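Printed here is structure-v5.csv (CSV, C-alpha atoms):
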```
chain,number,residue,atom,x,y,z
A,713,MET,CA,7.5,68.6,-6.4
A,714,ARG,CA,7.8,65.0,-7.3
A,715,THR,CA,4.9,63.0,-8.6
A,716,ASN,CA,4.8,59.2,-8.2
A,717,ASN,CA,4.7,57.1,-11.3
A,718,LEU,CA,2.3,54.5,-9.8
A,719,GLN,CA,1.7,51.3,-11.7
A,720,ILE,CA,0.0,48.0,-10.7
A,721,ALA,CA,1.2,44.4,-11.0
A,722,THR,CA,-0.9,41.4,-10.3
A,723,VAL,CA,0.8,38.1,-9.5
A,724,GLY,CA,0.1,34.8,-7.7
A,725,GLY,CA,2.8,32.6,-6.3
A,726,GLY,CA,0.9,30.2,-4.0
A,727,CYS,CA,-0.6,31.4,-0.8
A,728,PHE,CA,-1.2,35.2,-1.0
A,729,TRP,CA,-0.1,35.6,2.6
A,730,CYS,CA,3.5,34.7,1.5
A,731,THR,CA,3.6,36.9,-1.6
A,732,GLU,CA,2.0,39.8,0.2
A,733,ALA,CA,4.7,39.6,3.0
A,734,VAL,CA,7.5,39.6,0.4
A,735,PHE,CA,6.4,42.7,-1.5
A,736,GLN,CA,5.5,44.7,1.6
A,737,GLU,CA,9.3,44.8,2.2
A,738,VAL,CA,10.2,46.0,-1.3
A,739,LYS,CA,11.4,49.6,-1.8
A,740,GLY,CA,9.0,51.5,-4.1
A,741,VAL,CA,6.0,49.3,-3.3
A,742,GLU,CA,3.2,51.6,-2.0
A,743,LYS,CA,0.5,49.1,-1.3
A,744,VAL,CA,-0.1,45.3,-1.5
A,745,VAL,CA,-3.7,43.9,-1.6
A,746,SER,CA,-4.4,40.2,-1.3
A,747,GLY,CA,-7.2,38.9,-3.6
A,748,TYR,CA,-8.4,36.5,-6.2
A,749,SER,CA,-8.4,36.4,-10.0
A,750,GLY,CA,-8.6,34.1,-13.0
A,751,GLY,CA,-11.7,32.3,-12.0
A,752,ASN,CA,-14.7,31.2,-14.0
A,753,VAL,CA,-17.7,31.7,-11.7
A,754,PRO,CA,-19.7,35.0,-11.7
A,755,GLY,CA,-19.6,37.3,-8.7
A,756,ARG,CA,-17.3,37.8,-5.8
A,757,PRO,CA,-15.8,34.5,-4.6
A,758,THR,CA,-15.1,33.9,-0.9
A,759,TYR,CA,-12.0,32.4,0.6
A,760,ARG,CA,-13.8,29.2,1.4
A,761,GLU,CA,-15.0,28.9,-2.2
A,762,ILE,CA,-11.5,29.6,-3.5
A,763,CYS,CA,-10.0,26.9,-1.2
A,764,SER,CA,-12.5,24.3,-2.6
A,765,GLY,CA,-10.6,24.7,-5.9
A,766,LEU,CA,-13.9,24.7,-7.8
A,767,THR,CA,-14.0,28.4,-8.8
A,768,GLY,CA,-10.8,28.4,-10.9
A,769,HIS,CA,-9.5,31.5,-9.1
A,770,ALA,CA,-5.9,31.9,-8.0
A,771,GLU,CA,-4.8,33.5,-4.8
A,772,VAL,CA,-3.0,36.7,-6.0
A,773,ILE,CA,-1.8,40.0,-4.8
A,774,GLN,CA,-2.1,43.4,-6.5
A,775,ILE,CA,1.0,45.5,-6.0
A,776,THR,CA,0.9,49.3,-6.4
A,777,PHE,CA,4.4,50.4,-7.0
A,778,ASP,CA,6.3,53.6,-8.0
A,779,ALA,CA,8.0,52.8,-11.3
A,780,ASP,CA,10.4,55.6,-10.7
A,781,VAL,CA,11.8,53.6,-7.7
A,782,ILE,CA,11.4,50.0,-8.9
A,783,SER,CA,10.6,48.7,-12.4
A,784,TYR,CA,7.9,46.2,-13.3
A,785,GLU,CA,10.8,43.9,-14.5
A,786,ASP,CA,12.4,44.1,-11.0
A,787,ILE,CA,9.0,43.3,-9.4
A,788,LEU,CA,8.7,40.2,-11.6
A,789,VAL,CA,12.3,39.1,-10.9
A,790,ILE,CA,11.7,39.3,-7.2
A,791,PHE,CA,8.4,37.4,-7.7
A,792,MET,CA,10.0,34.6,-9.8
A,793,THR,CA,12.9,34.1,-7.3
A,794,THR,CA,10.9,34.1,-4.1
A,795,HIS,CA,8.5,31.2,-5.0
A,796,ASP,CA,8.9,28.1,-7.1
A,797,PRO,CA,7.7,28.9,-10.6
A,798,THR,CA,8.4,25.3,-11.7
A,799,THR,CA,5.6,23.5,-9.7
A,800,LEU,CA,2.2,23.2,-11.3
A,801,ASN,CA,-0.7,24.2,-9.0
A,802,LYS,CA,1.3,24.0,-5.7
A,803,GLN,CA,3.8,25.8,-3.5
A,804,GLY,CA,5.2,23.7,-0.7
A,805,ALA,CA,2.4,21.9,1.1
A,806,ASP,CA,-0.3,24.1,-0.5
A,807,ARG,CA,-1.9,22.2,-3.4
A,808,GLY,CA,-4.6,23.1,-5.9
A,809,THR,CA,-5.2,25.4,-8.8
A,810,GLN,CA,-5.7,28.3,-6.4
A,811,TYR,CA,-2.0,28.1,-5.6
A,812,ARG,CA,-0.7,28.3,-9.2
A,813,SER,CA,2.1,30.5,-10.3
A,814,VAL,CA,0.7,33.3,-12.4
A,815,ILE,CA,1.4,36.7,-13.8
A,816,TYR,CA,-1.7,38.7,-14.8
A,817,TYR,CA,-0.7,41.4,-17.1
A,818,HIS,CA,-2.5,44.8,-17.3
A,819,ASN,CA,-1.3,45.7,-20.8
A,820,GLU,CA,0.8,44.5,-23.7
A,821,LEU,CA,4.1,46.0,-22.4
A,822,GLN,CA,3.6,44.0,-19.1
A,823,LYS,CA,3.0,40.9,-21.1
A,824,GLU,CA,6.2,41.4,-23.1
A,825,ILE,CA,8.2,42.0,-19.9
A,826,ALA,CA,6.7,39.0,-18.2
A,827,GLU,CA,7.7,36.7,-21.1
A,828,ILE,CA,11.2,38.2,-21.1
A,829,VAL,CA,11.7,37.7,-17.3
A,830,SER,CA,10.3,34.2,-17.5
A,831,LYS,CA,12.9,33.3,-20.1
A,832,GLU,CA,15.7,35.2,-18.2
A,833,VAL,CA,15.2,33.2,-15.0
A,834,THR,CA,14.8,29.8,-16.7
A,835,PRO,CA,18.5,28.9,-16.4
A,836,TYR,CA,18.3,29.2,-12.6
A,837,TYR,CA,15.9,26.3,-12.3
A,838,GLU,CA,16.4,22.6,-13.1
A,839,ASP,CA,12.8,22.1,-14.0
A,840,PRO,CA,10.8,24.0,-16.6
A,841,ILE,CA,8.9,27.2,-15.5
A,842,VAL,CA,5.2,26.7,-15.5
A,843,THR,CA,4.1,30.2,-14.5
A,844,GLU,CA,1.0,31.2,-16.4
A,845,ILE,CA,1.1,34.6,-18.1
A,846,SER,CA,-2.5,35.8,-18.8
A,847,PRO,CA,-4.4,39.1,-19.2
A,848,LEU,CA,-6.0,40.3,-16.0
A,849,ALA,CA,-9.8,40.1,-16.2
A,850,VAL,CA,-11.2,40.9,-12.8
A,851,PHE,CA,-9.4,41.3,-9.4
A,852,TYR,CA,-11.5,40.6,-6.3
A,853,GLU,CA,-10.0,41.9,-3.0
A,854,ALA,CA,-9.9,39.2,-0.4
A,855,GLU,CA,-11.6,39.5,3.0
A,856,LYS,CA,-10.2,41.8,5.6
A,857,GLU,CA,-8.7,39.0,7.7
A,858,HIS,CA,-6.4,38.1,4.7
A,859,GLN,CA,-4.9,41.6,4.4
A,860,ASP,CA,-1.6,42.3,6.2
A,861,TYR,CA,-1.7,38.6,7.3
A,862,TYR,CA,1.9,38.1,8.2
A,863,ARG,CA,2.2,41.5,9.9
A,864,ASN,CA,-0.8,40.6,12.1
A,865,ASN,CA,0.0,36.9,12.7
A,866,GLN,CA,3.8,36.5,12.8
A,867,SER,CA,3.7,34.0,15.7
A,868,GLN,CA,1.2,31.8,14.0
A,869,GLY,CA,2.7,28.4,12.8
A,870,TYR,CA,2.3,28.9,9.1
A,871,CYS,CA,3.9,32.3,9.3
A,872,SER,CA,6.9,31.0,11.3
A,873,PHE,CA,7.5,27.9,9.2
A,874,VAL,CA,6.6,29.1,5.7
A,875,ILE,CA,6.7,32.9,5.4
A,876,THR,CA,9.6,33.8,7.6
A,877,PRO,CA,12.0,31.6,5.6
A,878,LYS,CA,10.7,33.2,2.3
A,879,LEU,CA,11.5,36.6,3.8
A,880,ALA,CA,15.0,35.4,4.7
A,881,LYS,CA,15.5,34.3,1.0
A,882,LEU,CA,14.2,37.7,-0.1
A,883,ARG,CA,16.6,39.6,2.1
A,884,LYS,CA,19.5,37.4,0.8
A,885,LEU,CA,18.7,37.6,-2.9
A,886,HIS,CA,17.4,41.2,-3.1
A,887,ALA,CA,18.9,43.2,-0.2
A,888,ASP,CA,19.4,46.2,-2.5
A,889,LYS,CA,15.7,46.4,-3.3
A,890,LEU,CA,14.4,46.4,0.3
A,891,LYS,CA,12.9,49.3,2.3
```
Please re-express this file's structure in structure tokens.
Amino acid sequence: MRTNNLQIATVGGGCFWCTEAVFQEVKGVEKVVSGYSGGNVPGRPTYREICSGLTGHAEVIQITFDADVISYEDILVIFMTTHDPTTLNKQGADRGTQYRSVIYYHNELQKEIAEIVSKEVTPYYEDPIVTEISPLAVFYEAEKEHQDYYRNNQSQGYCSFVITPKLAKLRKLHADKLK
């Protein structure tokens, strides 16, 4: 009988609808939850508060993955190559600190791997990588309507014009890692 070696990764690469959709297609990923982290206000923030940019939170996802199927390093390589880690506080038309590129590590090993992956992908970009690497403090799950957003809203304009092309890039760059 095989037991899963489940681990958790927490990353933010702009809008959490995009990063959630990407990782839902990755082999070894058991669950993806959209949420918020990295803020400086007490209590559970709302989407509206996050969008104001005043809470300091980033839109992030928590990825539960089987480390016997996919490594944390591979998770981060996919993350760093399916969003733009060189733009500060924005992804595409989305602007604000809530859209920053960030890796929240859960332990020292994850921190070391995040720093290594960040250095390894640097030559693939013309501009410097600005992805924040910080310890995870608190993760707040986003409201229900933000979970499985792409799966539930594929015909919506944002999904068609922003998320679908990201998924095409994922399929091209990481075909061997997909479900």
Scan for residues within 12 Å of the point (20.3, 52.0, -0.2) in the coordinates of the file, using only C-alpha atoms, and reply as a PyMOL selection string.
chain A and resi 738-740+781+886-891
Expressed in Å, the length from atom CA of A:Gly726 to atom CA of A:Gly808 is 9.2 Å
Using only C-alpha atoms, pick whichever of A:Glu857, A:Asp839, A:Glu820, A:Glu732 has the shortest atom-to-atom distance to A:Thr794.
A:Glu732
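The space separating atom CA of A:Leu885 from atom CA of A:Thr834 comes to 16.3 Å.
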For A:Arg756: contacts at 12 Å, all atoms listed in the file, fewer than 4 positions along chain excluded, given as a VMD selection string
chain A and resid 747 to 752 760 to 762 767 769 850 to 855
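When all atoms listed in the file are used to compute distances to A:Glu771, the closest of the residues A:Lys743, A:His858, A:Lys878, A:Arg863 turns out to be A:His858.
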Give me the residues near A:Tyr862 as a compact mmCIF listing (two decimals) with C-alpha atoms, in the coordinates of the input, where near means some atom within 8 Å (using all atoms listed in the file) and where sequence neighbours in that chain fewer than 6 positions away do not count.
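Listed below is the output, result_10.txt:
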```
# COMPACT_ATOMS: atom_id res chain seq x y z
CA TRP A 729 -0.10 35.60 2.60
CA CYS A 730 3.50 34.70 1.50
CA ALA A 733 4.70 39.60 3.00
CA CYS A 871 3.90 32.30 9.30
CA ILE A 875 6.70 32.90 5.40
```
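The gap separating atom CA of A:Thr776 from atom CA of A:Glu742 is 5.5 Å, in Å to one decimal.
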What's around A:Gly804 at 12 Å? Count all atoms listed in the file, leave out sequence neighbours fewer than 4 positions away in its own chain, and write the answer as a list of chain:residue names.
A:Gly725, A:Gly726, A:Cys727, A:Cys730, A:His795, A:Asp796, A:Pro797, A:Thr798, A:Thr799, A:Leu800, A:Gly808, A:Tyr811, A:Arg812, A:Tyr870, A:Phe873, A:Val874, A:Ile875, A:Lys878
Excluding A:Ile773 and residues on its chain fewer than 2 positions from it, collect all residues at most 6 Å away from it, counting only C-alpha atoms, and give them as a list in words.
Thr722, Val723, Val745, Ser746 and Gly747 of chain A
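The nearest approach to A:Asn717 among the residues A:Ile782, A:Ile845, A:Leu766, A:Val814, with only C-alpha atoms taken into account, belongs to A:Ile782.
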So which residues are close to (7.3, 56.4, -11.3), meaning at most 6 Å away in the file's coordinates with only C-alpha atoms counted, and can you show them as a PyMOL selection string?
chain A and resi 716-718+778-780
